[in-house]
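A short write-up of the structure that comes next.
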Amino acid sequence: MTEAECAECGATLDLADDLETGEIIDCGTCGAELEVIDVNPPVLDRAPELEEDWGE
Amino acid sequence: MTEAECAECGATLDLADDLETGEIIDCGTCGAELEVIDVNPPVLDRAPELEEDWGE
Amino acid sequence: MTQSTYTREELLAAHEQLVDNDCGTADDHLYTDGGTASPRADGGSASDASGISSGAKRTDGGSREPPVVVKVGGARAVDPAGAVADVAHLVANGREVVVVHGGSTAVDDTLEDLGEEPTYVETPSGVVGRFTDERAMEVFSMVMPGKLNTDLTATLRNAGVDAVGLSGVDGGLLSGKRKSAVRVVEDGKKKIKRGDHSGKIESVNAQLLETLLGDGYTPVVTVPMLGEEQDGSVTPVNADADRAAAAVAGALGAELVVLTDVSGIYKNPDDETTLIDSAKTPEELKSVETAAEGFMTKKVMAAKEALTGGASAVIVSDANVNDPIVSALTGAGTRIE
Amino acid sequence: MTQSTYTREELLAAHEQLVDNDCGTADDHLYTDGGTASPRADGGSASDASGISSGAKRTDGGSREPPVVVKVGGARAVDPAGAVADVAHLVANGREVVVVHGGSTAVDDTLEDLGEEPTYVETPSGVVGRFTDERAMEVFSMVMPGKLNTDLTATLRNAGVDAVGLSGVDGGLLSGKRKSAVRVVEDGKKKIKRGDHSGKIESVNAQLLETLLGDGYTPVVTVPMLGEEQDGSVTPVNADADRAAAAVAGALGAELVVLTDVSGIYKNPDDETTLIDSAKTPEELKSVETAAEGFMTKKVMAAKEALTGGASAVIVSDANVNDPIVSALTGAGTRIE
Ligand SMILES: [Zn+2]
Ligand SMILES: [Zn+2]
């Protein structure tokens, strides 16, 4: 099991083995939404707030 | 060998066996340009005068 | 007429009749005082085989009625013939019309012809939408402003309408920020998907439309829109055509008619007798929003955007009747104000 | 600069410099008295990320110079970047510009992506041209007014040009009879091939172009044209883009710059030192016609049509230099009057 730091509060998060780039995970400590920027090595960043816009 | 009438002067033309629809043949009697509208049975008509226009 | 397709002769005959002796029926209030477009003072311009003199200026001092924006679908179920005849009818009687069209189904068909698969994603709120990667954006540009817009413009011209096709890129007609990242739900997990070529319309070049309308043209508008990147550059990006129609209607203060393959918005989508006639108050609008399911959800959101943006009314109505636009403007379907 | 592609920053920097301190060089006569487009009096319209305010009206009372019509190719060999920067340059300095583009190579590429073969035929006079069957016409509409026109319009907008993309169908911009039968030579035999979706441009809606130019837009025009059938209906059909540029230049009384992947017309096409500088008399024109071979034959025919139609001059010049249009207007290439 891999680990990474929460980009918001620094807490250590346990990351699932089937983690994918782009996944959004919630920090168990501070509740922030984090985006998986990379999996190997794992990099997390704040997940952007995004409005719902869709195309045709 | 099949035969057909010139659409212009009525003369009888001998048509080649490998005649194709769309071919232009010249009447040996009056010189008119004829278009092969159909091959079986053979139908001839005056070939239209057409300007050179081409696309992109 | 009970037919659903018309020969060109029938269209022109109906057109003639309507211009000459529109016989004082319930739809009279739809038109201006009947000022028919007069030939341009500067003479000498193209008049194509349909007999349309381009660029005619209005002599009636302007329309009393707001323009009509008609959204027609591209989906297979919707037959544009009735709408085309109706556009010709309205224009011949002096009403300004802007046609907006979609066509996502045709984009999918072309992707498949090319041996490729369209990508669809589900948003966290359950809306299913297209994810437009780079290749899909190329095909999008081929199909929407390319094949569909060209064909619809020609079809309208055959009906006697002086149509001009435009996409959101032309003159920055529809512009706004590109949204390249989108939140999706995939296999039950929340994800961010990057590389989307879509955007949100924030601005409409109404002046371009008004110039063309004033010269007697009928704009035929489609997506893509002009998307602004973070570095300031612009690129064509996908946008929802219903929302594009809403943005145009808002910018022009128009009545928006959204033609679709059902008769309107149903309180209970499985029960055809529950058609909602109209929604004029916030409470009535709320119940319409609650009732809408599936593809109708997006249309209701677009309707709200249109009204907020300045449209005078939005009518969601059946495309597959003979006079779909005039019917919508005179009570058919669901009218939201 | 010796590079052949520019970053957006470089383009805008060059643009700024040219507008502010065009330093009295030999190309001053190319511009108007410098009346730069002013913001529209009616305010409130789309301004996209390139900073373009749409619809600016001229304050200088009109251009002293005729417009420039620039024909850019779609073929792989021709890189549009230099032309795009030059269009921005000319427009920023008050010259009216219409861009016309082709793209037959891209049509072939797309047909092949779809697993289909383009059809080419040879005319009795030895000219090789495309035979546009129904399917090729569909793909044509996807590629020319679709992908290529949308992308070029966006590219020009990124360079600061208020571009509006149009095909010959829009507003009947380019119209004429459809020619569905064509005489060809196949296996040494003369034949008539029917079902061609092409036509000859007989009419240009100059008013539409002039309205857009007057509002500060730069039209970006391409084929198809609007072809008239014998029954009076109209349909989009293929037409040669060089001839389309010629028709537009004739209708506007413009200078026509045809950019291509050679430096001009050569007396001896195998000897680069035999470039013909200019042809001003009927005799000189005749020797140009004789000299032209291959693809240049069609361009020379188009040049003649432009001049007969009212263009003030035609310059055939190299697309692959830094300032291809300004260079052409100031002496490069072959100038025909
Ligand atoms: Zn945290
Ligand atoms: Zn004979």
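Residue names in the structure tokens use chain letters A, B, ... in the order shown, residue numbers from 1 in each chain, and ligand numbers from 1 in the order shown.
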As a PyMOL selection string, please: every protein or nucleic acid residue near ligand 2 (cut-off 9 Å, counting only C-alpha atoms and all ligand atoms). chain B and resi 5-13+26-34
Polymer residues at most 8 Å from A:Ile37, only C-alpha atoms, same-chain spacing of 3 or more positions, as a list in words: Thr21, Gly22, Pro42, Val43, Leu44 and Asp45 of chain A
The selected residues should be written to file as a CSV table (one decimal), in the first residue's frame (atoms: N, CA, C and O atoms).
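Wrote it out as again.csv, contents follow:
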```csv
chain,number,residue,atom,x,y,z
A,21,THR,N,-4.8,7.7,-12.2
A,21,THR,CA,-4.5,9.1,-12.4
A,21,THR,C,-5.9,9.7,-12.7
A,21,THR,O,-6.7,9.2,-13.4
A,22,GLY,N,-6.1,10.9,-12.0
A,22,GLY,CA,-7.4,11.6,-12.3
A,22,GLY,C,-8.4,11.3,-11.2
A,22,GLY,O,-9.4,12.0,-11.1
A,42,PRO,N,3.2,8.6,-6.3
A,42,PRO,CA,1.9,9.2,-6.1
A,42,PRO,C,2.0,10.7,-5.8
A,42,PRO,O,2.8,11.1,-4.9
A,43,VAL,N,1.3,11.5,-6.5
A,43,VAL,CA,1.3,13.0,-6.3
A,43,VAL,C,-0.2,13.4,-6.2
A,43,VAL,O,-1.0,13.1,-7.0
A,44,LEU,N,-0.5,14.2,-5.2
A,44,LEU,CA,-1.8,14.7,-5.0
A,44,LEU,C,-1.9,16.2,-5.0
A,44,LEU,O,-0.9,16.8,-4.6
A,45,ASP,N,-3.0,16.7,-5.5
A,45,ASP,CA,-3.1,18.2,-5.5
A,45,ASP,C,-4.6,18.5,-5.2
A,45,ASP,O,-5.4,17.6,-5.2
```
Quick one: DSSP strand (DSSP E) residues in chain A, as a VMD selection string? chain A and resid 2 to 5 12 to 15 24 to 26 33 to 39 42 to 46
Same residues, C-alpha atoms, output as a PDB file, in the first residue's frame:
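Here's the written file selection.pdb:
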```pdb
ATOM      1  CA  THR A   2       1.397   3.388  -0.986  1.00  0.00           C
ATOM      2  CA  GLU A   3       1.126   6.632   0.921  1.00  0.00           C
ATOM      3  CA  ALA A   4       0.988  10.315   0.076  1.00  0.00           C
ATOM      4  CA  GLU A   5       0.442  13.634   1.814  1.00  0.00           C
ATOM      5  CA  THR A  12      -0.714  11.001   5.469  1.00  0.00           C
ATOM      6  CA  LEU A  13      -3.206   9.147   3.299  1.00  0.00           C
ATOM      7  CA  ASP A  14      -3.152   5.441   2.525  1.00  0.00           C
ATOM      8  CA  LEU A  15      -3.684   4.999  -1.204  1.00  0.00           C
ATOM      9  CA  ILE A  24     -10.599  12.280  -6.698  1.00  0.00           C
ATOM     10  CA  ILE A  25     -10.073  11.122  -3.146  1.00  0.00           C
ATOM     11  CA  ASP A  26     -11.200  12.753   0.075  1.00  0.00           C
ATOM     12  CA  GLU A  33     -10.970  16.796  -2.203  1.00  0.00           C
ATOM     13  CA  LEU A  34      -7.660  15.781  -3.762  1.00  0.00           C
ATOM     14  CA  GLU A  35      -6.859  14.909  -7.345  1.00  0.00           C
ATOM     15  CA  VAL A  36      -4.380  12.135  -8.155  1.00  0.00           C
ATOM     16  CA  ILE A  37      -1.944  13.900 -10.476  1.00  0.00           C
ATOM     17  CA  ASP A  38       0.338  10.894 -10.796  1.00  0.00           C
ATOM     18  CA  VAL A  39       0.393   7.336  -9.432  1.00  0.00           C
ATOM     19  CA  PRO A  42       1.857   9.219  -6.119  1.00  0.00           C
ATOM     20  CA  VAL A  43       1.256  12.977  -6.325  1.00  0.00           C
ATOM     21  CA  LEU A  44      -1.846  14.663  -4.953  1.00  0.00           C
ATOM     22  CA  ASP A  45      -3.143  18.165  -5.471  1.00  0.00           C
ATOM     23  CA  ARG A  46      -6.312  20.042  -4.582  1.00  0.00           C
TER      24      ARG A  46
END
```
Determine, counting only C-alpha atoms, which protein, DNA and RNA residues have an atom within 6 Å of an atom of stretch 239-253 of chain D; residues of the same chain fewer than 3 positions away are not included. Present the result as a ChimeraX atom specification. /B:55-56 /D:69,100,102,198-199,256,302,306,309-312
Please identify all residues of chain C having at least one atom at most 8 Å from any atom of chain A, considering only C-alpha atoms, and return them as number ranges by chain. C: 102-104, 123, 129-132, 179, 181-183, 189-193, 198-200, 238-241
For chain D, which residues have at least one atom within 7 Å of chain C, if we go by only C-alpha atoms? Write them as a ChimeraX atom specification, please. /D:45-46,48-50,54-55,113-114,138,141-143,145-147,150,153-154,158,162-165,169-172,175,203-207,228,232-236
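The environment of C:Val262 within 12 Å, counting only C-alpha atoms and disregarding residues fewer than 2 places along the same chain, consists of Gly73, Ala77, Val78, Val258, Leu259, Thr260, Gly264, Ile265, Tyr266, Pro269, Asp270, Asp271, Glu272, Leu275, Phe295, Met296, Val316, Ser317, Asp318, Ala319, Asn320, Val321, Pro324, Ala332, Gly333 and Thr334 of chain C.
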